[in-house]
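Visitor: Sharing my_file-v7.pdb, PDB, C-alpha atoms:
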MODEL        1
ATOM      1  CA  MET A   1     -20.159  -0.150 -12.888
ATOM      2  CA  LEU A   2     -22.467  -0.987 -10.000
ATOM      3  CA  ILE A   3     -22.366   1.233  -6.912
ATOM      4  CA  THR A   4     -24.400  -0.162  -4.027
ATOM      5  CA  ILE A   5     -25.393   2.244  -1.263
ATOM      6  CA  PHE A   6     -26.719   0.763   1.978
ATOM      7  CA  ALA A   7     -28.984   3.107   3.934
ATOM      8  CA  PRO A   8     -29.713   2.289   7.597
ATOM      9  CA  SER A   9     -32.815   3.451   9.446
ATOM     10  CA  LYS A  10     -33.026   7.235   9.950
ATOM     11  CA  VAL A  11     -30.332   7.808   7.356
ATOM     12  CA  HIS A  12     -29.043  11.316   6.670
ATOM     13  CA  LEU A  13     -30.585  11.699   3.227
ATOM     14  CA  LEU A  14     -27.871  14.098   2.038
ATOM     15  CA  GLU A  15     -25.327  11.284   2.308
ATOM     16  CA  VAL A  16     -27.327   9.264  -0.207
ATOM     17  CA  ALA A  17     -28.460  12.145  -2.413
ATOM     18  CA  GLY A  18     -25.016  13.781  -2.467
ATOM     19  CA  VAL A  19     -23.344  10.647  -3.764
ATOM     20  CA  ARG A  20     -26.105   9.908  -6.259
ATOM     21  CA  ASP A  21     -26.175  13.452  -7.636
ATOM     22  CA  ALA A  22     -22.395  13.491  -8.094
ATOM     23  CA  LEU A  23     -22.484  10.158  -9.915
ATOM     24  CA  PHE A  24     -25.452  11.374 -11.986
ATOM     25  CA  GLU A  25     -23.484  14.431 -13.102
ATOM     26  CA  ALA A  26     -20.554  12.179 -14.008
ATOM     27  CA  ASN A  27     -22.869   9.956 -16.050
ATOM     28  CA  CYS A  28     -24.116  12.981 -17.983
ATOM     29  CA  LYS A  29     -20.572  13.645 -19.169
ATOM     30  CA  MET A  30     -19.500  10.056 -19.906
ATOM     31  CA  ALA A  31     -20.153   7.586 -22.687
ATOM     32  CA  SER A  32     -22.987   5.206 -21.865
ATOM     33  CA  ALA A  33     -20.642   2.215 -21.595
ATOM     34  CA  ASP A  34     -18.753   3.840 -18.698
ATOM     35  CA  ARG A  35     -21.714   5.035 -16.663
ATOM     36  CA  TYR A  36     -22.397   4.211 -13.045
ATOM     37  CA  ARG A  37     -25.369   2.117 -11.974
ATOM     38  CA  VAL A  38     -26.516   2.965  -8.455
ATOM     39  CA  ASN A  39     -28.499   0.566  -6.292
ATOM     40  CA  LEU A  40     -29.957   1.961  -3.054
ATOM     41  CA  VAL A  41     -30.481  -0.863  -0.560
ATOM     42  CA  THR A  42     -32.138  -0.983   2.861
ATOM     43  CA  GLU A  43     -32.632  -3.903   5.186
ATOM     44  CA  ARG A  44     -36.280  -4.507   4.297
ATOM     45  CA  GLY A  45     -36.528  -2.899   0.864
ATOM     46  CA  VAL A  46     -39.631  -0.851   1.677
ATOM     47  CA  ALA A  47     -40.270   2.889   1.905
ATOM     48  CA  GLU A  48     -38.273   4.450   4.740
ATOM     49  CA  VAL A  49     -38.342   7.756   6.608
ATOM     50  CA  SER A  50     -35.041   9.609   6.679
ATOM     51  CA  ALA A  51     -33.667  11.428   9.715
ATOM     52  CA  SER A  52     -35.178  14.696   8.485
ATOM     53  CA  GLY A  53     -38.616  13.154   7.966
ATOM     54  CA  MET A  54     -38.535  12.743   4.188
ATOM     55  CA  THR A  55     -39.757   9.424   2.846
ATOM     56  CA  PHE A  56     -37.661   7.609   0.249
ATOM     57  CA  VAL A  57     -38.056   4.335  -1.610
ATOM     58  CA  PRO A  58     -35.011   2.057  -1.977
ATOM     59  CA  ASP A  59     -34.290  -0.039  -5.029
ATOM     60  CA  ALA A  60     -34.093  -3.288  -3.084
ATOM     61  CA  GLY A  61     -33.777  -4.975   0.283
ATOM     62  CA  ILE A  62     -30.779  -7.054   1.316
ATOM     63  CA  GLU A  63     -32.530 -10.320   0.417
ATOM     64  CA  ASP A  64     -32.818  -9.220  -3.215
ATOM     65  CA  ALA A  65     -29.570  -7.217  -3.523
ATOM     66  CA  THR A  66     -27.297 -10.172  -4.143
ATOM     67  CA  GLU A  67     -25.489  -8.960  -7.266
ATOM     68  CA  PRO A  68     -21.797  -8.339  -6.488
ATOM     69  CA  CYS A  69     -21.021  -4.645  -6.685
ATOM     70  CA  ASP A  70     -17.919  -2.779  -7.734
ATOM     71  CA  THR A  71     -18.241  -0.341  -4.823
ATOM     72  CA  LEU A  72     -20.143  -0.647  -1.542
ATOM     73  CA  ILE A  73     -20.975   2.569   0.338
ATOM     74  CA  VAL A  74     -22.539   2.387   3.797
ATOM     75  CA  ALA A  75     -24.303   5.628   4.719
ATOM     76  CA  GLY A  76     -24.796   6.884   8.253
ATOM     77  CA  PRO A  77     -27.926   7.641  10.262
ATOM     78  CA  TYR A  78     -28.508  10.530  12.618
ATOM     79  CA  GLY A  79     -26.262   9.861  15.594
ATOM     80  CA  VAL A  80     -24.598   6.525  16.231
ATOM     81  CA  PRO A  81     -26.332   3.528  14.650
ATOM     82  CA  ALA A  82     -27.417   0.592  16.730
ATOM     83  CA  GLN A  83     -25.602  -2.673  16.237
ATOM     84  CA  PRO A  84     -26.863  -4.067  12.919
ATOM     85  CA  SER A  85     -28.881  -7.244  12.725
ATOM     86  CA  GLU A  86     -27.131 -10.504  11.943
ATOM     87  CA  ALA A  87     -28.688 -10.446   8.469
ATOM     88  CA  VAL A  88     -27.310  -6.959   7.713
ATOM     89  CA  THR A  89     -23.902  -7.872   9.139
ATOM     90  CA  GLN A  90     -23.620 -10.960   6.958
ATOM     91  CA  TRP A  91     -24.842  -9.069   3.883
ATOM     92  CA  LEU A  92     -22.263  -6.313   4.430
ATOM     93  CA  GLN A  93     -19.487  -8.871   4.839
ATOM     94  CA  VAL A  94     -20.417 -10.706   1.650
ATOM     95  CA  GLN A  95     -20.839  -7.522  -0.399
ATOM     96  CA  ALA A  96     -17.600  -6.007   0.882
ATOM     97  CA  ARG A  97     -15.535  -9.098   0.157
ATOM     98  CA  GLN A  98     -16.918  -9.380  -3.364
ATOM     99  CA  SER A  99     -16.377  -5.691  -4.164
ATOM    100  CA  ARG A 100     -13.347  -3.886  -5.540
ATOM    101  CA  ARG A 101     -13.614  -1.295  -2.773
ATOM    102  CA  TYR A 102     -15.940  -0.480   0.097
ATOM    103  CA  GLY A 103     -16.396   2.143   2.751
ATOM    104  CA  SER A 104     -18.629   4.477   4.686
ATOM    105  CA  THR A 105     -19.941   7.989   5.011
ATOM    106  CA  CYS A 106     -20.254   9.648   8.408
ATOM    107  CA  THR A 107     -21.398   7.226  11.143
ATOM    108  CA  GLY A 108     -21.782   4.427   8.627
ATOM    109  CA  ALA A 109     -18.269   3.588   9.854
ATOM    110  CA  PHE A 110     -19.858   2.080  12.973
ATOM    111  CA  LEU A 111     -21.817  -0.401  10.843
ATOM    112  CA  LEU A 112     -18.664  -1.471   9.007
ATOM    113  CA  ALA A 113     -16.790  -1.745  12.289
ATOM    114  CA  HIS A 114     -19.519  -3.927  13.812
ATOM    115  CA  ALA A 115     -19.144  -6.204  10.785
ATOM    116  CA  GLY A 116     -15.377  -6.418  11.334
ATOM    117  CA  LEU A 117     -14.675  -4.640   8.060
ATOM    118  CA  LEU A 118     -12.529  -1.831   9.479
ATOM    119  CA  ALA A 119     -10.216  -3.971  11.595
ATOM    120  CA  ASN A 120      -6.599  -2.787  11.372
ATOM    121  CA  ARG A 121      -7.601  -0.004   8.977
ATOM    122  CA  ARG A 122      -7.356   3.786   9.124
ATOM    123  CA  ALA A 123     -10.796   5.344   9.207
ATOM    124  CA  THR A 124     -12.685   8.520   9.989
ATOM    125  CA  THR A 125     -16.230   9.469  10.904
ATOM    126  CA  HIS A 126     -18.131  12.543  12.046
ATOM    127  CA  TRP A 127     -15.882  14.503  14.436
ATOM    128  CA  GLU A 128     -18.501  14.357  17.204
ATOM    129  CA  TYR A 129     -18.414  10.550  17.312
ATOM    130  CA  ALA A 130     -14.771   9.822  16.493
ATOM    131  CA  GLU A 131     -13.727   9.247  20.109
ATOM    132  CA  ARG A 132     -16.586   6.810  20.588
ATOM    133  CA  LEU A 133     -15.639   4.887  17.443
ATOM    134  CA  ALA A 134     -12.066   4.590  18.691
ATOM    135  CA  ALA A 135     -13.191   3.501  22.158
ATOM    136  CA  GLU A 136     -15.673   0.877  20.959
ATOM    137  CA  PHE A 137     -13.412  -0.509  18.230
ATOM    138  CA  PRO A 138      -9.777  -0.318  19.367
ATOM    139  CA  ASP A 139      -8.650  -2.310  16.320
ATOM    140  CA  VAL A 140      -9.656   0.645  14.099
ATOM    141  CA  GLN A 141      -7.109   3.454  13.680
ATOM    142  CA  VAL A 142      -9.464   6.424  13.924
ATOM    143  CA  GLU A 143      -8.270   9.774  12.551
ATOM    144  CA  PRO A 144     -10.863  12.300  13.724
ATOM    145  CA  ASP A 145      -9.740  15.356  11.764
ATOM    146  CA  ARG A 146      -9.799  13.847   8.285
ATOM    147  CA  ILE A 147     -12.440  14.649   5.667
ATOM    148  CA  PHE A 148     -11.667  11.495   3.696
ATOM    149  CA  ILE A 149      -9.360   8.514   4.219
ATOM    150  CA  ARG A 150      -8.368   5.737   1.859
ATOM    151  CA  ASP A 151      -6.578   2.651   3.210
ATOM    152  CA  GLY A 152      -6.151   0.043   0.492
ATOM    153  CA  PRO A 153      -9.609  -0.929  -0.792
ATOM    154  CA  VAL A 154     -11.303   0.674   2.244
ATOM    155  CA  PHE A 155     -12.439   4.293   2.387
ATOM    156  CA  SER A 156     -14.318   6.428   4.888
ATOM    157  CA  SER A 157     -15.502  10.009   4.980
ATOM    158  CA  ALA A 158     -16.474  12.488   7.650
ATOM    159  CA  GLY A 159     -19.865  13.887   8.547
ATOM    160  CA  VAL A 160     -22.840  14.168   6.198
ATOM    161  CA  ALA A 161     -21.780  16.547   3.386
ATOM    162  CA  ALA A 162     -18.370  14.854   3.230
ATOM    163  CA  ALA A 163     -20.178  12.124   1.282
ATOM    164  CA  ILE A 164     -19.861  14.474  -1.691
ATOM    165  CA  ASP A 165     -16.085  14.647  -1.149
ATOM    166  CA  LEU A 166     -16.118  10.859  -1.184
ATOM    167  CA  ALA A 167     -18.021  10.744  -4.462
ATOM    168  CA  PHE A 168     -15.510  13.096  -6.108
ATOM    169  CA  SER A 169     -12.654  10.884  -4.957
ATOM    170  CA  LEU A 170     -14.266   7.788  -6.459
ATOM    171  CA  ILE A 171     -14.978   9.569  -9.739
ATOM    172  CA  GLU A 172     -11.396  10.813  -9.904
ATOM    173  CA  GLU A 173     -10.083   7.309  -9.240
ATOM    174  CA  ASP A 174     -12.292   5.772 -11.923
ATOM    175  CA  HIS A 175     -12.218   8.417 -14.645
ATOM    176  CA  GLY A 176      -9.554  10.995 -13.840
ATOM    177  CA  ARG A 177      -9.257  14.409 -12.294
ATOM    178  CA  ALA A 178     -10.761  16.289 -15.240
ATOM    179  CA  LEU A 179     -14.152  14.612 -14.877
ATOM    180  CA  ALA A 180     -14.138  14.946 -11.081
ATOM    181  CA  LEU A 181     -13.354  18.647 -11.406
ATOM    182  CA  TRP A 182     -16.129  19.089 -13.972
ATOM    183  CA  VAL A 183     -18.643  17.483 -11.588
ATOM    184  CA  ALA A 184     -17.426  19.653  -8.700
ATOM    185  CA  ARG A 185     -17.934  22.759 -10.798
ATOM    186  CA  ARG A 186     -21.411  21.610 -11.777
ATOM    187  CA  LEU A 187     -22.311  21.171  -8.113
ATOM    188  CA  VAL A 188     -20.477  24.388  -7.153
ATOM    189  CA  VAL A 189     -18.352  22.836  -4.397
ATOM    190  CA  PHE A 190     -14.655  22.207  -3.768
ATOM    191  CA  LEU A 191     -13.126  19.217  -5.544
ATOM    192  CA  LYS A 192     -10.772  18.850  -2.563
ATOM    193  CA  ARG A 193     -12.030  20.738   0.443
ATOM    194  CA  PRO A 194      -9.277  22.661   2.261
ATOM    195  CA  GLY A 195      -8.577  21.767   5.864
ATOM    196  CA  GLY A 196      -9.761  18.973   8.101
ATOM    197  CA  GLN A 197     -12.866  18.401  10.197
ATOM    198  CA  SER A 198     -11.455  20.570  12.953
ATOM    199  CA  GLN A 199     -12.520  23.612  10.959
ATOM    200  CA  PHE A 200     -16.143  22.508  11.464
ATOM    201  CA  SER A 201     -15.993  21.339  15.089
ATOM    202  CA  ALA A 202     -17.590  23.374  17.854
ATOM    203  CA  ALA A 203     -14.210  24.401  19.237
ATOM    204  CA  LEU A 204     -12.584  25.529  16.001
ATOM    205  CA  THR A 205     -15.271  26.699  13.634
ATOM    206  CA  ALA A 206     -14.499  30.188  12.413
ATOM    207  CA  GLN A 207     -18.013  31.363  13.231
ATOM    208  CA  ALA A 208     -17.804  30.325  16.874
ATOM    209  CA  ALA A 209     -17.196  32.816  19.636
ATOM    210  CA  THR A 210     -13.541  32.115  20.407
ATOM    211  CA  THR A 211     -13.555  33.256  24.009
ATOM    212  CA  SER A 212     -11.333  30.443  25.243
ATOM    213  CA  PRO A 213      -7.595  31.128  24.936
ATOM    214  CA  ILE A 214      -7.034  27.522  23.869
ATOM    215  CA  ASP A 215      -9.634  27.804  21.100
ATOM    216  CA  ARG A 216      -8.057  31.008  19.839
ATOM    217  CA  ILE A 217      -4.599  29.450  19.866
ATOM    218  CA  ARG A 218      -5.791  26.343  18.025
ATOM    219  CA  MET A 219      -7.442  28.486  15.369
ATOM    220  CA  HIS A 220      -4.270  30.562  15.032
ATOM    221  CA  ILE A 221      -2.137  27.441  14.570
ATOM    222  CA  LEU A 222      -4.540  25.988  12.000
ATOM    223  CA  GLN A 223      -4.644  29.198   9.975
ATOM    224  CA  HIS A 224      -0.936  30.088  10.251
ATOM    225  CA  PRO A 225       1.122  26.863  10.281
ATOM    226  CA  ARG A 226       4.171  28.632   8.780
ATOM    227  CA  ALA A 227       4.242  31.363  11.410
ATOM    228  CA  GLU A 228       6.534  31.440  14.438
ATOM    229  CA  LEU A 229       4.669  29.109  16.807
ATOM    230  CA  GLY A 230       7.065  28.829  19.713
ATOM    231  CA  LEU A 231       5.707  28.974  23.235
ATOM    232  CA  GLU A 232       6.323  32.688  23.730
ATOM    233  CA  ALA A 233       4.831  33.580  20.338
ATOM    234  CA  LEU A 234       1.696  31.552  21.073
ATOM    235  CA  ALA A 235       1.364  33.103  24.516
ATOM    236  CA  ASP A 236       1.509  36.567  22.945
ATOM    237  CA  VAL A 237      -1.468  35.707  20.705
ATOM    238  CA  VAL A 238      -3.767  35.491  23.731
ATOM    239  CA  SER A 239      -1.800  37.768  26.066
ATOM    240  CA  VAL A 240      -0.963  35.191  28.730
ATOM    241  CA  SER A 241       2.338  34.045  30.127
ATOM    242  CA  PRO A 242       4.096  31.073  28.508
ATOM    243  CA  ARG A 243       3.831  29.157  31.791
ATOM    244  CA  HIS A 244       0.084  29.772  32.026
ATOM    245  CA  LEU A 245      -0.425  28.709  28.405
ATOM    246  CA  SER A 246       1.441  25.458  29.052
ATOM    247  CA  ARG A 247      -0.804  24.754  32.035
ATOM    248  CA  LEU A 248      -3.930  25.424  29.952
ATOM    249  CA  PHE A 249      -2.825  23.073  27.180
ATOM    250  CA  ARG A 250      -2.013  20.286  29.592
ATOM    251  CA  ALA A 251      -5.296  20.730  31.459
ATOM    252  CA  GLU A 252      -7.564  20.905  28.393
ATOM    253  CA  LEU A 253      -5.739  18.846  25.772
ATOM    254  CA  GLY A 254      -3.245  16.761  27.731
ATOM    255  CA  VAL A 255      -0.317  17.847  25.540
ATOM    256  CA  THR A 256       2.199  20.664  25.410
ATOM    257  CA  PRO A 257       1.632  23.568  23.007
ATOM    258  CA  LEU A 258       4.665  22.558  20.944
ATOM    259  CA  ALA A 259       3.461  18.947  20.646
ATOM    260  CA  TYR A 260       0.101  20.232  19.444
ATOM    261  CA  VAL A 261       1.755  22.484  16.861
ATOM    262  CA  GLU A 262       3.744  19.546  15.510
ATOM    263  CA  ALA A 263       0.613  17.370  15.294
ATOM    264  CA  VAL A 264      -1.227  20.028  13.275
ATOM    265  CA  ARG A 265       1.720  20.483  10.939
ATOM    266  CA  ILE A 266       1.971  16.727  10.412
ATOM    267  CA  ASP A 267      -1.729  16.563   9.512
ATOM    268  CA  ILE A 268      -1.247  19.349   6.960
ATOM    269  CA  ALA A 269       1.754  17.548   5.473
ATOM    270  CA  ARG A 270      -0.132  14.252   5.321
ATOM    271  CA  THR A 271      -2.984  15.845   3.394
ATOM    272  CA  LEU A 272      -0.564  17.392   0.903
ATOM    273  CA  LEU A 273       1.299  14.095   0.478
ATOM    274  CA  GLU A 274      -1.969  12.267  -0.200
ATOM    275  CA  ASP A 275      -3.662  14.800  -2.458
ATOM    276  CA  THR A 276      -0.903  16.593  -4.391
ATOM    277  CA  VAL A 277       2.279  15.940  -6.361
ATOM    278  CA  ALA A 278       4.089  18.809  -4.680
ATOM    279  CA  PRO A 279       7.772  18.143  -3.932
ATOM    280  CA  ILE A 280       8.605  17.107  -0.391
ATOM    281  CA  LYS A 281      10.561  20.349   0.097
ATOM    282  CA  ALA A 282       7.511  22.429  -0.822
ATOM    283  CA  ILE A 283       5.299  20.394   1.490
ATOM    284  CA  ALA A 284       7.731  20.863   4.371
ATOM    285  CA  HIS A 285       7.549  24.626   3.827
ATOM    286  CA  ALA A 286       3.745  24.726   3.446
ATOM    287  CA  ALA A 287       3.219  22.737   6.634
ATOM    288  CA  GLY A 288       5.570  24.944   8.616
ATOM    289  CA  PHE A 289       8.452  22.521   9.139
ATOM    290  CA  GLY A 290      10.973  24.697   7.341
ATOM    291  CA  SER A 291      13.132  21.863   6.027
ATOM    292  CA  THR A 292      12.742  18.338   4.709
ATOM    293  CA  THR A 293      15.006  17.094   7.491
ATOM    294  CA  THR A 294      12.681  18.438  10.184
ATOM    295  CA  LEU A 295       9.661  17.015   8.348
ATOM    296  CA  ARG A 296      11.305  13.607   8.012
ATOM    297  CA  ARG A 297      12.239  13.480  11.686
ATOM    298  CA  ALA A 298       8.704  14.413  12.745
ATOM    299  CA  PHE A 299       7.179  11.719  10.524
ATOM    300  CA  LEU A 300       9.565   9.050  11.798
ATOM    301  CA  ARG A 301       8.918  10.023  15.393
ATOM    302  CA  ARG A 302       5.112  10.274  15.114
ATOM    303  CA  LEU A 303       4.204   7.858  12.320
ATOM    304  CA  GLY A 304       7.184   5.524  12.027
ATOM    305  CA  VAL A 305       7.596   6.183   8.288
ATOM    306  CA  THR A 306       9.276   8.813   6.135
ATOM    307  CA  PRO A 307       7.207  11.308   4.105
ATOM    308  CA  LEU A 308       8.114   9.435   0.895
ATOM    309  CA  GLN A 309       7.039   6.103   2.355
ATOM    310  CA  TYR A 310       3.795   7.689   3.497
ATOM    311  CA  ARG A 311       3.143   9.089   0.003
ATOM    312  CA  LEU A 312       3.744   5.707  -1.642
ATOM    313  CA  ARG A 313       1.192   4.036   0.598
ATOM    314  CA  PHE A 314      -1.542   6.639   0.878
ATOM    315  CA  GLN A 315      -1.390   8.958  -2.123
ATOM    316  CA  THR A 316      -4.818   9.152  -3.718
ATOM    317  CA  THR A 317      -5.370   8.004  -7.280
ATOM    318  CA  GLY A 318      -5.100  10.874  -9.730
ATOM    319  CA  SER A 319      -2.717  12.949  -7.634
ATOM    320  CA  GLY A 320       0.376  11.461  -9.206
ATOM    321  CA  HIS A 321       3.024   9.024  -8.054
ATOM    322  CA  PRO A 322       6.595   9.236  -6.770
ATOM    323  CA  SER A 323       9.280   9.253  -9.413
ATOM    324  CA  GLU A 324      11.762   6.419  -9.835
ATOM    325  CA  ASP A 325      14.339   8.575  -8.047
ATOM    326  CA  GLU A 326      11.962   8.994  -5.115
ATOM    327  CA  LYS A 327      11.325   5.253  -4.978
ATOM    328  CA  ALA A 328      15.057   4.616  -4.996
ATOM    329  CA  ALA A 329      15.468   7.111  -2.152
ATOM    330  CA  ILE A 330      12.871   5.223  -0.124
ATOM    331  CA  LEU A 331      14.780   1.993  -0.473
ATOM    332  CA  SER A 332      18.169   3.523   0.228
TER     333      SER A 332
ENDMDL
END
Can you turn what I pasted into C-alpha cells?
Guide:
Amino acid sequence: MLITIFAPSKVHLLEVAGVRDALFEANCKMASADRYRVNLVTERGVAEVSASGMTFVPDAGIEDATEPCDTLIVAGPYGVPAQPSEAVTQWLQVQARQSRRYGSTCTGAFLLAHAGLLANRRATTHWEYAERLAAEFPDVQVEPDRIFIRDGPVFSSAGVAAAIDLAFSLIEEDHGRALALWVARRLVVFLKRPGGQSQFSAALTAQAATTSPIDRIRMHILQHPRAELGLEALADVVSVSPRHLSRLFRAELGVTPLAYVEAVRIDIARTLLEDTVAPIKAIAHAAGFGSTTTLRRAFLRRLGVTPLQYRLRFQTTGSGHPSEDEKAAILS
C-alpha cells in the first residue's frame, strides 16, 4: 500500500517522521504482503532544510512521483505556507483524485485548500491558524478545536504532533484497532488523545497562568462538563456577579456563558460519537446534557442532524457502527 507524503519547504520534520515511524512500527508487526510503502515527495526532489534546520533527502520530486498512491498526506511547514506553484497544485489535484483517501497535517490544509481539495469539507489545522484558514477559504468548514477530522475520503489533523494521531487513525482503518493500539504502545503515546486542541491553546493550556476570569471559566467547563454550569454556578467559580460574567463573555467571546457551555458539550459528544460505540444515553451523560432528549435538541439546533445521524456519517472506522435498530430509528 503506497503512502505518499508531500513535504513543502520548511516542513515541520516531526509531521513527516511521526507518520513514517508509526507506519514503520505497523510494518514490523504485519506480514510483508500487507506492509506500507512510504514515498516522501518534495517539489524539486533534492535535499531540503526543515523548519528546525535539519536536512533531509526526499525519495522523489513531483515530476517523478507519478505512481497513483493509496493515501496522499500533505504535511505543513512552519507557519502558513505560501500559495503553491501551479505545478504543485496540479500534482496535488491529480494525486488526490487518483487516491483512495487524502488529507493534511497541520498547516498542510492550506495547500489542499489552495488546490480546491477541501471545498465543502470539514477540516482542521493548527489552532493558531484556524481562523485564517476559515477566512481565506470560506468554502471549507473549519473546526478549530479538533485533533483529527475525517469527512468522506478527506482527513485533516491539527498541529505538528497530531500527525501521529493521524497515522494511528489510518492504521486502525486499514488493519484494525489492535494493531493501532500496539503501535501506540510502542511509541508510548495515546491511541486516541483525550480532549481537543483547546487544551493546548495559549488561553486554555493547563500550564498557563489562568489570571483571566474567562480563561479560568473555560478551563472549568472543559474539565467538568457534567457539573452544574448555570450562570450563577459559573460566576461563583471566579467570584464575580452573574451580570459581570455575562458582560465578560460577550466582550471577549461574543457569546453568552450558557451558549459557550452548550458548544463545549456538543464538541465532547461529537468526539464520543465519532470515536466510541458508547450508547447515546451514556454519551449524553458524559457530555453533561443529562438526557438524550436534551442532547438531540442541541444537535438539531446547532448541527441540523440528530446524534444518530451524526454517528452514521462521521464515526471513524474501527469504532463500531450503529445497530439495525439505531438505523431504523434514524429513518423513523
Visitor: Measuring between all atoms listed in the file, which one of A:Phe289, A:Phe155, A:Phe168, A:Phe299 shows the shortest distance to Phe24 of chain A?
Guide: A:Phe168
Visitor: Pull out every residue that the PyMOL selection byres ((chain A and resi 225-242) around 9) matches in the shown coordinates and put them as number ranges by chain.
Guide: A: 213-214, 216-217, 220-224, 243-247, 257-258, 261, 264-265, 268, 285-290
Visitor: Measuring atom to atom with only C-alpha atoms, identify which of A:Val183, A:Ile73, A:Ala113, A:Ala65 is nearest to Ile171 of chain A.
Guide: A:Val183
Visitor: Neighbours of Glu67 of chain A within 10 Å (only C-alpha atoms; same-chain residues fewer than 5 positions away dropped), as a PDB file with C-alpha atoms, in the coordinates of the input?
Guide:
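Written out: out-v7.pdb:
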ATOM      1  CA  LEU A   2     -22.467  -0.987 -10.000  1.00  0.00           C
ATOM      2  CA  THR A   4     -24.400  -0.162  -4.027  1.00  0.00           C
ATOM      3  CA  GLN A  95     -20.839  -7.522  -0.399  1.00  0.00           C
ATOM      4  CA  GLN A  98     -16.918  -9.380  -3.364  1.00  0.00           C
TER       5      GLN A  98
END
Visitor: Neighbourhood query: residues within 6 Å of (-28.8, 12.9, 8.9), file coordinates, counting only C-alpha atoms; return as a PyMOL selection string.
Guide: chain A and resi 11-12+51+77-78
Visitor: With only C-alpha atoms as the counted atoms, please give the residues lying no more than 10 Å from His126 of chain A, apart from itself and same-chain residues fewer than 3 positions off, as a compact mmCIF listing (two decimals) with C-alpha atoms, keeping the file's coordinate frame.
Guide:
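Written file, part_34.txt:
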# COMPACT_ATOMS: atom_id res chain seq x y z
CA GLY A 76 -24.80 6.88 8.25
CA GLY A 79 -26.26 9.86 15.59
CA VAL A 80 -24.60 6.52 16.23
CA THR A 105 -19.94 7.99 5.01
CA CYS A 106 -20.25 9.65 8.41
CA THR A 107 -21.40 7.23 11.14
CA GLY A 108 -21.78 4.43 8.63
CA ALA A 109 -18.27 3.59 9.85
CA TYR A 129 -18.41 10.55 17.31
CA ALA A 130 -14.77 9.82 16.49
CA GLU A 131 -13.73 9.25 20.11
CA LEU A 133 -15.64 4.89 17.44
CA PRO A 144 -10.86 12.30 13.72
CA ASP A 145 -9.74 15.36 11.76
CA ARG A 146 -9.80 13.85 8.28
CA ILE A 147 -12.44 14.65 5.67
CA SER A 157 -15.50 10.01 4.98
CA ALA A 158 -16.47 12.49 7.65
CA GLY A 159 -19.86 13.89 8.55
CA VAL A 160 -22.84 14.17 6.20
CA ALA A 162 -18.37 14.85 3.23
CA GLN A 197 -12.87 18.40 10.20
CA SER A 201 -15.99 21.34 15.09
Visitor: From the list A:Leu253, A:Leu308, A:Ala7, A:Leu166, which residue is nearest Ala278 of chain A when using all atoms listed in the file?
Guide: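 Closest to Ala278 of chain A of all the choices is A:Leu308.
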Visitor: Neighbourhood query: residues within 9 Å of (-23.0, -7.5, 8.5), file coordinates, counting all atoms listed in the file; return as a ChimeraX atom specification.
Guide: /A:84-94,111-112,114-117
Visitor: Just want the 9 Å neighbourhood of Leu295 of chain A, counted on all atoms listed in the file, with same-chain residues fewer than 3 positions away dropped. Output as a compact mmCIF listing (two decimals) with C-alpha atoms, in the frame of the given file.
Guide:
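And here's around_13.txt as it stands now:
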# COMPACT_ATOMS: atom_id res chain seq x y z
CA ILE A 266 1.97 16.73 10.41
CA ALA A 269 1.75 17.55 5.47
CA ILE A 280 8.60 17.11 -0.39
CA LYS A 281 10.56 20.35 0.10
CA ILE A 283 5.30 20.39 1.49
CA ALA A 284 7.73 20.86 4.37
CA ALA A 287 3.22 22.74 6.63
CA GLY A 288 5.57 24.94 8.62
CA PHE A 289 8.45 22.52 9.14
CA GLY A 290 10.97 24.70 7.34
CA SER A 291 13.13 21.86 6.03
CA THR A 292 12.74 18.34 4.71
CA ALA A 298 8.70 14.41 12.74
CA PHE A 299 7.18 11.72 10.52
CA LEU A 300 9.56 9.05 11.80
CA THR A 306 9.28 8.81 6.14
CA PRO A 307 7.21 11.31 4.11
Visitor: Calculate how many Å separate atom CA of Ala178 of chain A from atom CA of Ala163 of chain A, rounding to one decimal.
Guide: 19.5 Å
Visitor: How many Å lie between atom CA of Lys10 of chain A and atom CA of Ser52 of chain A, rounded to one decimal?
Guide: 7.9 Å
Visitor: In Å, rounded to a single decimal, give me how far atom CA of Arg150 of chain A is from atom CA of Ile164 of chain A.
Guide: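 Spanning atom CA of Ile164 of chain A to atom CA of Arg150 of chain A is a straight-line distance of 14.9 Å.
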Visitor: Check the smallest atom-to-atom distance from each of A:Glu274, A:Asp215, A:Val49, A:Thr293 to Leu312 of chain A using all atoms listed in the file, then report the winner.
Guide: A:Glu274
Visitor: Counting all atoms listed in the file, what is within 7 Å of segment 137-143 of chain A, bar same-chain residues fewer than 4 positions away, as a PyMOL selection string?
Guide: chain A and resi 113+118-124+130+133
Visitor: So for segment 210-229 of chain A, what box centre and size do we get, axis-aligned, 4 Å extra on each of the six sides, every listed atom, Å to one decimal, as JSON?
Guide:
{"center_x": -3.5, "center_y": 29.6, "center_z": 17.0, "size_x": 28.1, "size_y": 15.3, "size_z": 24.5}
